[in-house]
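Read through the structure below, which is laid out as structure tokens, and then see the notes.
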Amino acid sequence: MKRVWWAVAFVVLAGLGGIAYQTRLEPARSQTAEGPRVAPAAPVVVTTAQSQPMPVRIETIGTVQTIANVLVKSRIDGFIDSVLIHDGQFVKAGDVMFRLDSRTAQAQVMQMQAQLARDQAQLTNAKRNVERDSTLVGKDYMSRQQYDTDTATAQALEASVAADQAQIDNAKALLSYDTIPAPIDGRVGTITIKAGNSIKANDVPLATINQIQPIYVGFNLAQGELPALRQAMTKGPVEVSVRGQGDEGEPITGAVAFFDNAVDATSGTIAVRALFANQDQRLWPGQFANVSVTTRIDPAAIVVPPAAVQVGQDGNFVFIVKPDNTAEIRPVTVSRTVDGKSVIAKGLAAGEVVVVDGQMRLNNGARVDIRSSAPAQPKPAAAS
């Protein structure tokens, strides 16, 4: 019985050995018959490097600043009779904002006008006396001293009339201060003093007006960027586009208005202001904004999608697809990224095919299978 079991075991082991040998033999035969195996081509998406005009821009952060900010104060002591505006109202220059009680001032003007009328009447009479005296003194019917006295009286009354008129003009000017108009176009902030309150001249501001249209955006540039800005300004207006933080709309376009007359030695920067019409009032005083200054246009920049640029230990590189559908690693220098495009300063020529998707499967010399091509992006409009 034991001999039977040993025979069965021997047959089973012999069968397993044969299967293992056949399994090892098949790959060898396949390799011998077909040659070395070749790795399959990696599927990739490609695009073509383009040559097109691209702006050279300086990106920074700025703040929205008013061109004019006015604290509205009373020029005289008085009592606020009425407030003709409300918090946050837009006003035009000349719009009446506050009225003070003017009854006392009007009474003073009327009193001064009466004084003027009295002095004018006395002056008229004095002039007539001088005319009569001139005839009498010529005939020696009046002494010369009396004539001189009447003449002096008339001259004194002329001075009194002039003084009365000056006082009236001054009183009318003060009376005009009872009406407080808006000095500029702008938006009113919080009205700090309401109707019914007494105020003093040049004391607490009644309200604040900020000019909204036009408006500045102020920002700082490194002193190394000043030469490019100055050179650009010699050729015409320098375009500046901004977008307020949190604003999802299109960038707002303006132009550099001026730069400061000195570089800040502490920070090594120079203050610059750009002017914007702000017709839609998207820019608001004190708001932070992303600023982009276009200093020039590069007429023939080489651009590729940012997805084509890879980062390695030795810097940036791209995968080039050669005519034989193999990949080549090409080191490149990226100067900047503008409008969703990477501008290649060195290492790439227009018309070369680059991989934009599928780089993880590639190495130098790997075969590629081009599955699709990324659409070429439209050229941006040249900035003025």
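Chain labels run A, B, ... following the order of the structure tokens; each chain numbers its residues from 1, and ligands are numbered from 1 in the order shown.
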
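For segment 79-93 of chain A, the set of protein, DNA and RNA residues having any atom at most 7 Å away, when counting only C-alpha atoms and skipping those fewer than 6 positions along the same chain, is Arg99, Leu100, Asp101, Ala182, Pro183, Ile184, Asp185, Gly186, Arg187, Val188, Gly189, Thr190, Ile191, Lys194, Ala195, Gly196, Asn197, Ser198 and Ile199 of chain A.
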
For the residues selected in the previous step, produce a file with N, CA, C and O atoms as a PDB file, in the first residue's frame.
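Wrote it out as part09.pdb, contents follow:
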```pdb
ATOM      1  N   ARG A  99     -28.971 124.673   6.623  1.00  0.00           N
ATOM      2  CA  ARG A  99     -29.403 126.058   6.781  1.00  0.00           C
ATOM      3  C   ARG A  99     -29.386 126.410   8.267  1.00  0.00           C
ATOM      4  O   ARG A  99     -29.883 125.637   9.090  1.00  0.00           O
ATOM      5  N   LEU A 100     -28.792 127.572   8.583  1.00  0.00           N
ATOM      6  CA  LEU A 100     -28.782 128.061   9.956  1.00  0.00           C
ATOM      7  C   LEU A 100     -29.871 129.112  10.133  1.00  0.00           C
ATOM      8  O   LEU A 100     -30.346 129.716   9.152  1.00  0.00           O
ATOM      9  N   ASP A 101     -30.259 129.340  11.357  1.00  0.00           N
ATOM     10  CA  ASP A 101     -31.243 130.384  11.664  1.00  0.00           C
ATOM     11  C   ASP A 101     -30.620 131.744  11.323  1.00  0.00           C
ATOM     12  O   ASP A 101     -29.618 132.151  11.916  1.00  0.00           O
ATOM     13  N   ALA A 182     -22.573 122.348  -0.621  1.00  0.00           N
ATOM     14  CA  ALA A 182     -21.519 121.354  -0.852  1.00  0.00           C
ATOM     15  C   ALA A 182     -20.393 122.000  -1.640  1.00  0.00           C
ATOM     16  O   ALA A 182     -20.640 122.577  -2.700  1.00  0.00           O
ATOM     17  N   PRO A 183     -19.146 121.920  -1.169  1.00  0.00           N
ATOM     18  CA  PRO A 183     -18.037 122.552  -1.891  1.00  0.00           C
ATOM     19  C   PRO A 183     -17.570 121.758  -3.103  1.00  0.00           C
ATOM     20  O   PRO A 183     -16.963 122.313  -4.018  1.00  0.00           O
ATOM     21  N   ILE A 184     -17.811 120.438  -3.145  1.00  0.00           N
ATOM     22  CA  ILE A 184     -17.371 119.595  -4.253  1.00  0.00           C
ATOM     23  C   ILE A 184     -18.434 118.554  -4.547  1.00  0.00           C
ATOM     24  O   ILE A 184     -19.362 118.344  -3.747  1.00  0.00           O
ATOM     25  N   ASP A 185     -18.306 117.902  -5.696  1.00  0.00           N
ATOM     26  CA  ASP A 185     -19.120 116.721  -5.985  1.00  0.00           C
ATOM     27  C   ASP A 185     -18.577 115.557  -5.167  1.00  0.00           C
ATOM     28  O   ASP A 185     -17.362 115.380  -5.071  1.00  0.00           O
ATOM     29  N   GLY A 186     -19.471 114.759  -4.604  1.00  0.00           N
ATOM     30  CA  GLY A 186     -18.989 113.603  -3.851  1.00  0.00           C
ATOM     31  C   GLY A 186     -20.089 112.958  -3.046  1.00  0.00           C
ATOM     32  O   GLY A 186     -21.280 113.273  -3.187  1.00  0.00           O
ATOM     33  N   ARG A 187     -19.651 112.055  -2.191  1.00  0.00           N
ATOM     34  CA  ARG A 187     -20.582 111.303  -1.358  1.00  0.00           C
ATOM     35  C   ARG A 187     -20.422 111.728   0.087  1.00  0.00           C
ATOM     36  O   ARG A 187     -19.317 111.806   0.615  1.00  0.00           O
ATOM     37  N   VAL A 188     -21.568 112.005   0.713  1.00  0.00           N
ATOM     38  CA  VAL A 188     -21.584 112.445   2.108  1.00  0.00           C
ATOM     39  C   VAL A 188     -21.473 111.225   3.014  1.00  0.00           C
ATOM     40  O   VAL A 188     -22.073 110.174   2.747  1.00  0.00           O
ATOM     41  N   GLY A 189     -20.687 111.359   4.067  1.00  0.00           N
ATOM     42  CA  GLY A 189     -20.607 110.299   5.063  1.00  0.00           C
ATOM     43  C   GLY A 189     -21.710 110.460   6.106  1.00  0.00           C
ATOM     44  O   GLY A 189     -22.823 110.903   5.798  1.00  0.00           O
ATOM     45  N   THR A 190     -21.400 110.147   7.339  1.00  0.00           N
ATOM     46  CA  THR A 190     -22.376 110.291   8.422  1.00  0.00           C
ATOM     47  C   THR A 190     -22.516 111.761   8.805  1.00  0.00           C
ATOM     48  O   THR A 190     -21.526 112.470   8.983  1.00  0.00           O
ATOM     49  N   ILE A 191     -23.747 112.235   8.920  1.00  0.00           N
ATOM     50  CA  ILE A 191     -24.014 113.605   9.373  1.00  0.00           C
ATOM     51  C   ILE A 191     -23.880 113.615  10.889  1.00  0.00           C
ATOM     52  O   ILE A 191     -24.661 112.987  11.607  1.00  0.00           O
ATOM     53  N   LYS A 194     -27.145 117.203  13.916  1.00  0.00           N
ATOM     54  CA  LYS A 194     -28.477 117.265  13.336  1.00  0.00           C
ATOM     55  C   LYS A 194     -29.117 118.625  13.610  1.00  0.00           C
ATOM     56  O   LYS A 194     -28.573 119.472  14.318  1.00  0.00           O
ATOM     57  N   ALA A 195     -30.298 118.805  13.017  1.00  0.00           N
ATOM     58  CA  ALA A 195     -31.046 120.047  13.202  1.00  0.00           C
ATOM     59  C   ALA A 195     -31.409 120.244  14.666  1.00  0.00           C
ATOM     60  O   ALA A 195     -31.687 119.292  15.402  1.00  0.00           O
ATOM     61  N   GLY A 196     -31.387 121.522  15.087  1.00  0.00           N
ATOM     62  CA  GLY A 196     -31.733 121.865  16.470  1.00  0.00           C
ATOM     63  C   GLY A 196     -30.540 122.091  17.359  1.00  0.00           C
ATOM     64  O   GLY A 196     -30.703 122.505  18.508  1.00  0.00           O
ATOM     65  N   ASN A 197     -29.335 121.828  16.846  1.00  0.00           N
ATOM     66  CA  ASN A 197     -28.123 122.005  17.643  1.00  0.00           C
ATOM     67  C   ASN A 197     -27.488 123.363  17.368  1.00  0.00           C
ATOM     68  O   ASN A 197     -27.552 123.890  16.250  1.00  0.00           O
ATOM     69  N   SER A 198     -26.854 123.905  18.389  1.00  0.00           N
ATOM     70  CA  SER A 198     -26.068 125.119  18.237  1.00  0.00           C
ATOM     71  C   SER A 198     -24.642 124.728  17.866  1.00  0.00           C
ATOM     72  O   SER A 198     -24.122 123.727  18.359  1.00  0.00           O
ATOM     73  N   ILE A 199     -24.017 125.510  16.997  1.00  0.00           N
ATOM     74  CA  ILE A 199     -22.666 125.220  16.551  1.00  0.00           C
ATOM     75  C   ILE A 199     -21.811 126.469  16.644  1.00  0.00           C
ATOM     76  O   ILE A 199     -22.326 127.591  16.699  1.00  0.00           O
TER      77      ILE A 199
END
```

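All residues of protein, DNA or RNA that reach within 8 Å of Phe288 of chain A, judged by only C-alpha atoms and not counting those fewer than 2 positions away in the chain, are Ile61, Gly62, Thr63, Val64, Gly244, Gln245, Gly286 and Asn290 of chain A.
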
Those selected residues, please, written with N, CA and C atoms and delivered as a JSON list (two decimals), in the first residue's frame.
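selection15.json, written as the output of this step:
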```json
[["chain", "number", "residue", "atom", "x", "y", "z"],
["A", 61, "ILE", "N", -0.09, 95.41, -5.11],
["A", 61, "ILE", "CA", -1.32, 95.69, -4.37],
["A", 61, "ILE", "C", -1.38, 97.19, -4.08],
["A", 62, "GLY", "N", -2.56, 97.78, -4.25],
["A", 62, "GLY", "CA", -2.74, 99.21, -3.99],
["A", 62, "GLY", "C", -3.98, 99.47, -3.17],
["A", 63, "THR", "N", -4.19, 100.75, -2.85],
["A", 63, "THR", "CA", -5.38, 101.16, -2.12],
["A", 63, "THR", "C", -6.07, 102.28, -2.87],
["A", 64, "VAL", "N", -7.39, 102.29, -2.81],
["A", 64, "VAL", "CA", -8.18, 103.33, -3.46],
["A", 64, "VAL", "C", -8.15, 104.58, -2.58],
["A", 244, "GLY", "N", -10.78, 95.55, -7.56],
["A", 244, "GLY", "CA", -10.94, 95.58, -6.12],
["A", 244, "GLY", "C", -11.06, 94.18, -5.55],
["A", 245, "GLN", "N", -10.48, 93.97, -4.39],
["A", 245, "GLN", "CA", -10.53, 92.65, -3.78],
["A", 245, "GLN", "C", -11.98, 92.27, -3.49],
["A", 286, "GLY", "N", -10.40, 103.68, 0.38],
["A", 286, "GLY", "CA", -9.89, 102.78, 1.41],
["A", 286, "GLY", "C", -9.84, 101.32, 1.01],
["A", 290, "ASN", "N", -6.01, 94.83, -6.50],
["A", 290, "ASN", "CA", -4.90, 94.21, -7.24],
["A", 290, "ASN", "C", -4.58, 95.11, -8.43]]
```

When DSSP is applied to the backbone of this structure, which of segment 72-234 of chain A are assigned strand (DSSP E)? Write them out as an MDAnalysis selection string.
chainID A and resid 72 78:83 90:91 96:100 179:181 186:188 198:199 207:210 215:222

I need the chosen residues saved as a short mmCIF file (atom, residue, chain, number, x, y, z; two decimals), in the first residue's frame, with C-alpha atoms.
```cif
data_model
loop_
_atom_site.label_atom_id
_atom_site.label_comp_id
_atom_site.auth_asym_id
_atom_site.auth_seq_id
_atom_site.Cartn_x
_atom_site.Cartn_y
_atom_site.Cartn_z
CA VAL A 72 -17.81 120.57 6.06
CA GLY A 78 -25.34 129.72 14.80
CA PHE A 79 -28.28 127.42 15.27
CA ILE A 80 -28.98 124.60 12.77
CA ASP A 81 -32.43 125.29 11.40
CA SER A 82 -32.62 122.45 8.86
CA VAL A 83 -30.56 119.60 7.38
CA PHE A 90 -24.33 111.98 -3.38
CA VAL A 91 -24.20 115.76 -3.78
CA VAL A 96 -27.48 123.24 -0.07
CA MET A 97 -26.64 120.88 2.77
CA PHE A 98 -27.49 122.88 5.94
CA ARG A 99 -29.40 126.06 6.78
CA LEU A 100 -28.78 128.06 9.96
CA THR A 179 -26.59 128.57 4.02
CA ILE A 180 -23.93 125.82 3.84
CA PRO A 181 -23.53 124.36 0.33
CA GLY A 186 -18.99 113.60 -3.85
CA ARG A 187 -20.58 111.30 -1.36
CA VAL A 188 -21.58 112.45 2.11
CA SER A 198 -26.07 125.12 18.24
CA ILE A 199 -22.67 125.22 16.55
CA ALA A 207 -20.28 116.10 7.63
CA THR A 208 -17.50 114.75 5.40
CA ILE A 209 -17.57 114.62 1.60
CA ASN A 210 -15.36 112.21 -0.38
CA ILE A 215 -10.60 108.58 -8.02
CA TYR A 216 -7.02 107.50 -7.38
CA VAL A 217 -5.49 104.09 -6.76
CA GLY A 218 -2.19 104.48 -4.94
CA PHE A 219 0.53 101.82 -4.89
CA ASN A 220 4.28 101.46 -4.37
CA LEU A 221 6.80 100.18 -6.89
CA ALA A 222 10.33 98.97 -6.19
#
```

Run DSSP on the backbone of this structure and report the residues of segment 99-344 of chain A it assigns to helix (DSSP H, G or I), as a PyMOL selection string.
chain A and resi 103-138+144-176+223-234+306-308

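Within 8 Å of segment 116-128 of chain A, once only C-alpha atoms are used and residues closer than 2 positions along the same chain are dropped, the contacting residues are Met112, Gln113, Ala114, Val130, Glu131, Arg132, Asp150, Thr151, Thr153, Ala154, Leu157, Glu158, Ser160, Val161, Asp164 and Gln165 of chain A.
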
Suppose we keep N, CA and C atoms; can you now write the selection as a PDB file, in the first residue's frame?
```
ATOM      1  N   MET A 112     -28.157 148.100   9.381  1.00  0.00           N
ATOM      2  CA  MET A 112     -27.050 148.761   8.701  1.00  0.00           C
ATOM      3  C   MET A 112     -27.517 149.494   7.448  1.00  0.00           C
ATOM      4  N   GLN A 113     -28.493 148.952   6.757  1.00  0.00           N
ATOM      5  CA  GLN A 113     -29.018 149.631   5.573  1.00  0.00           C
ATOM      6  C   GLN A 113     -29.711 150.930   5.959  1.00  0.00           C
ATOM      7  N   ALA A 114     -30.389 150.914   7.100  1.00  0.00           N
ATOM      8  CA  ALA A 114     -31.022 152.160   7.576  1.00  0.00           C
ATOM      9  C   ALA A 114     -29.967 153.195   7.946  1.00  0.00           C
ATOM     10  N   VAL A 130     -22.081 172.792   0.433  1.00  0.00           N
ATOM     11  CA  VAL A 130     -20.785 173.132  -0.147  1.00  0.00           C
ATOM     12  C   VAL A 130     -20.972 173.883  -1.460  1.00  0.00           C
ATOM     13  N   GLU A 131     -21.962 173.479  -2.273  1.00  0.00           N
ATOM     14  CA  GLU A 131     -22.223 174.172  -3.533  1.00  0.00           C
ATOM     15  C   GLU A 131     -22.656 175.616  -3.282  1.00  0.00           C
ATOM     16  N   ARG A 132     -23.545 175.812  -2.298  1.00  0.00           N
ATOM     17  CA  ARG A 132     -23.972 177.174  -1.984  1.00  0.00           C
ATOM     18  C   ARG A 132     -22.821 177.991  -1.417  1.00  0.00           C
ATOM     19  N   ASP A 150     -17.644 173.258   6.109  1.00  0.00           N
ATOM     20  CA  ASP A 150     -18.723 172.542   5.405  1.00  0.00           C
ATOM     21  C   ASP A 150     -18.159 171.504   4.440  1.00  0.00           C
ATOM     22  N   THR A 151     -17.035 171.858   3.824  1.00  0.00           N
ATOM     23  CA  THR A 151     -16.397 170.900   2.912  1.00  0.00           C
ATOM     24  C   THR A 151     -15.902 169.678   3.672  1.00  0.00           C
ATOM     25  N   THR A 153     -17.079 168.539   6.456  1.00  0.00           N
ATOM     26  CA  THR A 153     -18.255 167.773   6.893  1.00  0.00           C
ATOM     27  C   THR A 153     -18.758 166.876   5.780  1.00  0.00           C
ATOM     28  N   ALA A 154     -18.786 167.381   4.565  1.00  0.00           N
ATOM     29  CA  ALA A 154     -19.243 166.570   3.432  1.00  0.00           C
ATOM     30  C   ALA A 154     -18.300 165.398   3.188  1.00  0.00           C
ATOM     31  N   LEU A 157     -18.871 162.746   5.763  1.00  0.00           N
ATOM     32  CA  LEU A 157     -20.084 161.976   5.496  1.00  0.00           C
ATOM     33  C   LEU A 157     -19.879 160.996   4.337  1.00  0.00           C
ATOM     34  N   GLU A 158     -19.079 161.381   3.357  1.00  0.00           N
ATOM     35  CA  GLU A 158     -18.742 160.439   2.279  1.00  0.00           C
ATOM     36  C   GLU A 158     -18.033 159.209   2.845  1.00  0.00           C
ATOM     37  N   SER A 160     -18.335 158.103   5.895  1.00  0.00           N
ATOM     38  CA  SER A 160     -19.315 157.351   6.684  1.00  0.00           C
ATOM     39  C   SER A 160     -20.178 156.474   5.786  1.00  0.00           C
ATOM     40  N   VAL A 161     -20.565 157.026   4.638  1.00  0.00           N
ATOM     41  CA  VAL A 161     -21.372 156.234   3.697  1.00  0.00           C
ATOM     42  C   VAL A 161     -20.570 155.034   3.204  1.00  0.00           C
ATOM     43  N   ASP A 164     -20.427 152.520   5.946  1.00  0.00           N
ATOM     44  CA  ASP A 164     -21.727 151.836   6.081  1.00  0.00           C
ATOM     45  C   ASP A 164     -21.889 150.758   5.020  1.00  0.00           C
ATOM     46  N   GLN A 165     -21.477 151.082   3.788  1.00  0.00           N
ATOM     47  CA  GLN A 165     -21.614 150.120   2.699  1.00  0.00           C
ATOM     48  C   GLN A 165     -20.711 148.910   2.938  1.00  0.00           C
TER      49      GLN A 165
END
```

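From atom CA of Phe317 of chain A back to atom CA of Leu348 of chain A, the distance works out to 9.9 Å.
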
Segment 267-279 of chain A surroundings by only C-alpha atoms, 10 Å radius, close-in-sequence under 3 positions cut, as a CSV table (one decimal) with N, CA, C and O atoms, in the first residue's frame:
```csv
chain,number,residue,atom,x,y,z
A,62,GLY,N,-2.6,97.8,-4.2
A,62,GLY,CA,-2.7,99.2,-4.0
A,62,GLY,C,-4.0,99.5,-3.2
A,62,GLY,O,-4.7,98.5,-2.8
A,63,THR,N,-4.2,100.7,-2.9
A,63,THR,CA,-5.4,101.2,-2.1
A,63,THR,C,-6.1,102.3,-2.9
A,63,THR,O,-5.4,103.1,-3.5
A,64,VAL,N,-7.4,102.3,-2.8
A,64,VAL,CA,-8.2,103.3,-3.5
A,64,VAL,C,-8.2,104.6,-2.6
A,64,VAL,O,-8.4,104.5,-1.4
A,65,GLN,N,-7.9,105.7,-3.2
A,65,GLN,CA,-7.7,107.0,-2.5
A,65,GLN,C,-8.6,108.1,-3.1
A,65,GLN,O,-8.6,108.1,-4.4
A,67,ILE,N,-9.4,111.8,-4.4
A,67,ILE,CA,-8.7,113.0,-4.9
A,67,ILE,C,-8.9,114.2,-3.9
A,67,ILE,O,-8.0,114.9,-3.6
A,212,ILE,N,-15.7,110.8,-5.3
A,212,ILE,CA,-15.7,109.4,-5.8
A,212,ILE,C,-15.3,109.3,-7.3
A,212,ILE,O,-14.7,108.4,-7.7
A,213,GLN,N,-15.7,110.4,-8.1
A,213,GLN,CA,-15.5,110.3,-9.5
A,213,GLN,C,-14.8,111.7,-9.9
A,213,GLN,O,-15.4,112.7,-9.7
A,214,PRO,N,-13.6,111.6,-10.5
A,214,PRO,CA,-12.7,110.4,-10.6
A,214,PRO,C,-12.0,110.1,-9.3
A,214,PRO,O,-12.3,110.8,-8.3
A,215,ILE,N,-11.2,109.1,-9.3
A,215,ILE,CA,-10.6,108.6,-8.0
A,215,ILE,C,-9.2,108.0,-8.3
A,215,ILE,O,-8.9,107.6,-9.4
A,216,TYR,N,-8.4,108.0,-7.3
A,216,TYR,CA,-7.0,107.5,-7.4
A,216,TYR,C,-6.9,106.1,-6.9
A,216,TYR,O,-7.7,105.7,-6.0
A,217,VAL,N,-6.0,105.3,-7.4
A,217,VAL,CA,-5.5,104.1,-6.8
A,217,VAL,C,-4.0,104.3,-6.5
A,217,VAL,O,-3.2,104.5,-7.5
A,218,GLY,N,-3.6,104.3,-5.3
A,218,GLY,CA,-2.2,104.5,-4.9
A,218,GLY,C,-1.5,103.2,-4.7
A,218,GLY,O,-2.1,102.2,-4.1
A,219,PHE,N,-0.2,103.1,-5.1
A,219,PHE,CA,0.5,101.8,-4.9
A,219,PHE,C,2.0,102.2,-4.9
A,219,PHE,O,2.4,103.3,-5.3
A,220,ASN,N,2.8,101.3,-4.4
A,220,ASN,CA,4.3,101.5,-4.4
A,220,ASN,C,5.0,100.5,-5.3
A,220,ASN,O,4.6,99.3,-5.4
A,221,LEU,N,6.0,101.0,-6.0
A,221,LEU,CA,6.8,100.2,-6.9
A,221,LEU,C,8.2,100.2,-6.4
A,221,LEU,O,8.7,101.2,-5.8
A,222,ALA,N,8.9,99.1,-6.6
A,222,ALA,CA,10.3,99.0,-6.2
A,222,ALA,C,11.1,100.0,-7.1
A,222,ALA,O,10.8,100.2,-8.2
A,223,GLN,N,12.1,100.5,-6.5
A,223,GLN,CA,12.9,101.5,-7.2
A,223,GLN,C,13.5,101.0,-8.5
A,223,GLN,O,13.8,101.7,-9.5
A,224,GLY,N,13.8,99.7,-8.5
A,224,GLY,CA,14.3,99.1,-9.8
A,224,GLY,C,13.3,99.1,-10.9
A,224,GLY,O,13.7,98.9,-12.1
A,225,GLU,N,12.0,99.2,-10.6
A,225,GLU,CA,11.0,99.3,-11.7
A,225,GLU,C,10.7,100.7,-12.2
A,225,GLU,O,10.0,100.9,-13.1
A,226,LEU,N,11.3,101.7,-11.5
A,226,LEU,CA,11.1,103.1,-11.9
A,226,LEU,C,11.6,103.4,-13.3
A,226,LEU,O,10.9,104.1,-14.0
A,238,VAL,N,0.5,105.5,-19.5
A,238,VAL,CA,0.8,104.1,-19.1
A,238,VAL,C,-0.5,103.5,-18.5
A,238,VAL,O,-1.0,103.9,-17.6
A,239,GLU,N,-0.9,102.4,-19.2
A,239,GLU,CA,-2.1,101.7,-18.8
A,239,GLU,C,-2.0,101.0,-17.4
A,239,GLU,O,-1.0,100.3,-17.2
A,240,VAL,N,-3.0,101.2,-16.6
A,240,VAL,CA,-3.1,100.5,-15.3
A,240,VAL,C,-4.4,99.8,-15.2
A,240,VAL,O,-5.5,100.5,-15.4
A,241,SER,N,-4.5,98.6,-14.9
A,241,SER,CA,-5.7,97.9,-14.7
A,241,SER,C,-5.8,97.4,-13.2
A,241,SER,O,-4.8,96.9,-12.7
A,242,VAL,N,-6.9,97.6,-12.6
A,242,VAL,CA,-7.1,97.2,-11.2
A,242,VAL,C,-8.4,96.4,-11.0
A,242,VAL,O,-9.3,96.5,-11.9
A,252,ILE,N,-10.7,97.1,-14.2
A,252,ILE,CA,-11.0,98.5,-14.5
A,252,ILE,C,-9.7,99.2,-15.0
A,252,ILE,O,-8.7,99.0,-14.4
A,253,THR,N,-9.8,99.9,-16.1
A,253,THR,CA,-8.7,100.4,-16.8
A,253,THR,C,-8.5,101.9,-16.5
A,253,THR,O,-9.5,102.7,-16.6
A,254,GLY,N,-7.3,102.3,-16.2
A,254,GLY,CA,-7.0,103.7,-16.0
A,254,GLY,C,-5.6,104.0,-16.5
A,254,GLY,O,-5.1,103.3,-17.3
A,255,ALA,N,-5.0,105.1,-16.0
A,255,ALA,CA,-3.6,105.4,-16.4
A,255,ALA,C,-2.8,106.0,-15.3
A,255,ALA,O,-3.4,106.6,-14.3
A,256,VAL,N,-1.5,105.9,-15.3
A,256,VAL,CA,-0.7,106.5,-14.3
A,256,VAL,C,-0.8,108.0,-14.3
A,256,VAL,O,-0.7,108.6,-15.4
A,257,ALA,N,-1.1,108.6,-13.2
A,257,ALA,CA,-1.3,110.1,-13.1
A,257,ALA,C,0.0,110.7,-12.7
A,257,ALA,O,0.4,111.7,-13.3
A,258,PHE,N,0.7,110.2,-11.8
A,258,PHE,CA,2.0,110.7,-11.4
A,258,PHE,C,2.7,109.8,-10.5
A,258,PHE,O,2.1,108.8,-9.9
A,259,PHE,N,4.1,110.0,-10.3
A,259,PHE,CA,4.8,109.2,-9.3
A,259,PHE,C,5.5,110.3,-8.4
A,259,PHE,O,5.8,111.4,-8.8
A,260,ASP,N,5.8,109.9,-7.2
A,260,ASP,CA,6.4,110.8,-6.2
A,260,ASP,C,7.7,111.4,-6.7
A,260,ASP,O,8.4,110.9,-7.6
A,261,ASN,N,8.1,112.5,-6.0
A,261,ASN,CA,9.4,113.2,-6.4
A,261,ASN,C,10.6,112.6,-5.7
A,261,ASN,O,11.7,113.2,-5.8
A,262,ALA,N,10.4,111.5,-5.0
A,262,ALA,CA,11.6,110.9,-4.3
A,262,ALA,C,11.3,109.5,-4.0
A,262,ALA,O,10.2,109.1,-3.7
A,263,VAL,N,12.4,108.7,-3.9
A,263,VAL,CA,12.2,107.3,-3.5
A,263,VAL,C,12.4,107.2,-2.0
A,263,VAL,O,13.2,107.9,-1.4
A,264,ASP,N,11.5,106.4,-1.4
A,264,ASP,CA,11.5,106.2,0.1
A,264,ASP,C,12.8,105.4,0.4
A,264,ASP,O,12.9,104.2,0.1
A,282,ARG,N,-17.2,101.3,-8.9
A,282,ARG,CA,-16.7,100.0,-8.4
A,282,ARG,C,-15.5,100.2,-7.4
A,282,ARG,O,-15.2,99.3,-6.6
A,283,LEU,N,-14.8,101.3,-7.6
A,283,LEU,CA,-13.7,101.6,-6.7
A,283,LEU,C,-14.2,102.5,-5.5
A,283,LEU,O,-14.9,103.5,-5.8
A,284,TRP,N,-13.8,102.1,-4.3
A,284,TRP,CA,-14.3,102.8,-3.1
A,284,TRP,C,-13.2,103.2,-2.2
A,284,TRP,O,-12.2,102.5,-2.1
A,291,VAL,N,-3.3,95.5,-8.6
A,291,VAL,CA,-2.9,96.5,-9.6
A,291,VAL,C,-2.0,95.8,-10.6
A,291,VAL,O,-1.1,95.0,-10.2
A,293,VAL,N,0.3,97.1,-13.9
A,293,VAL,CA,0.8,98.2,-14.7
A,293,VAL,C,1.5,97.7,-15.9
A,293,VAL,O,2.5,96.9,-15.8
```
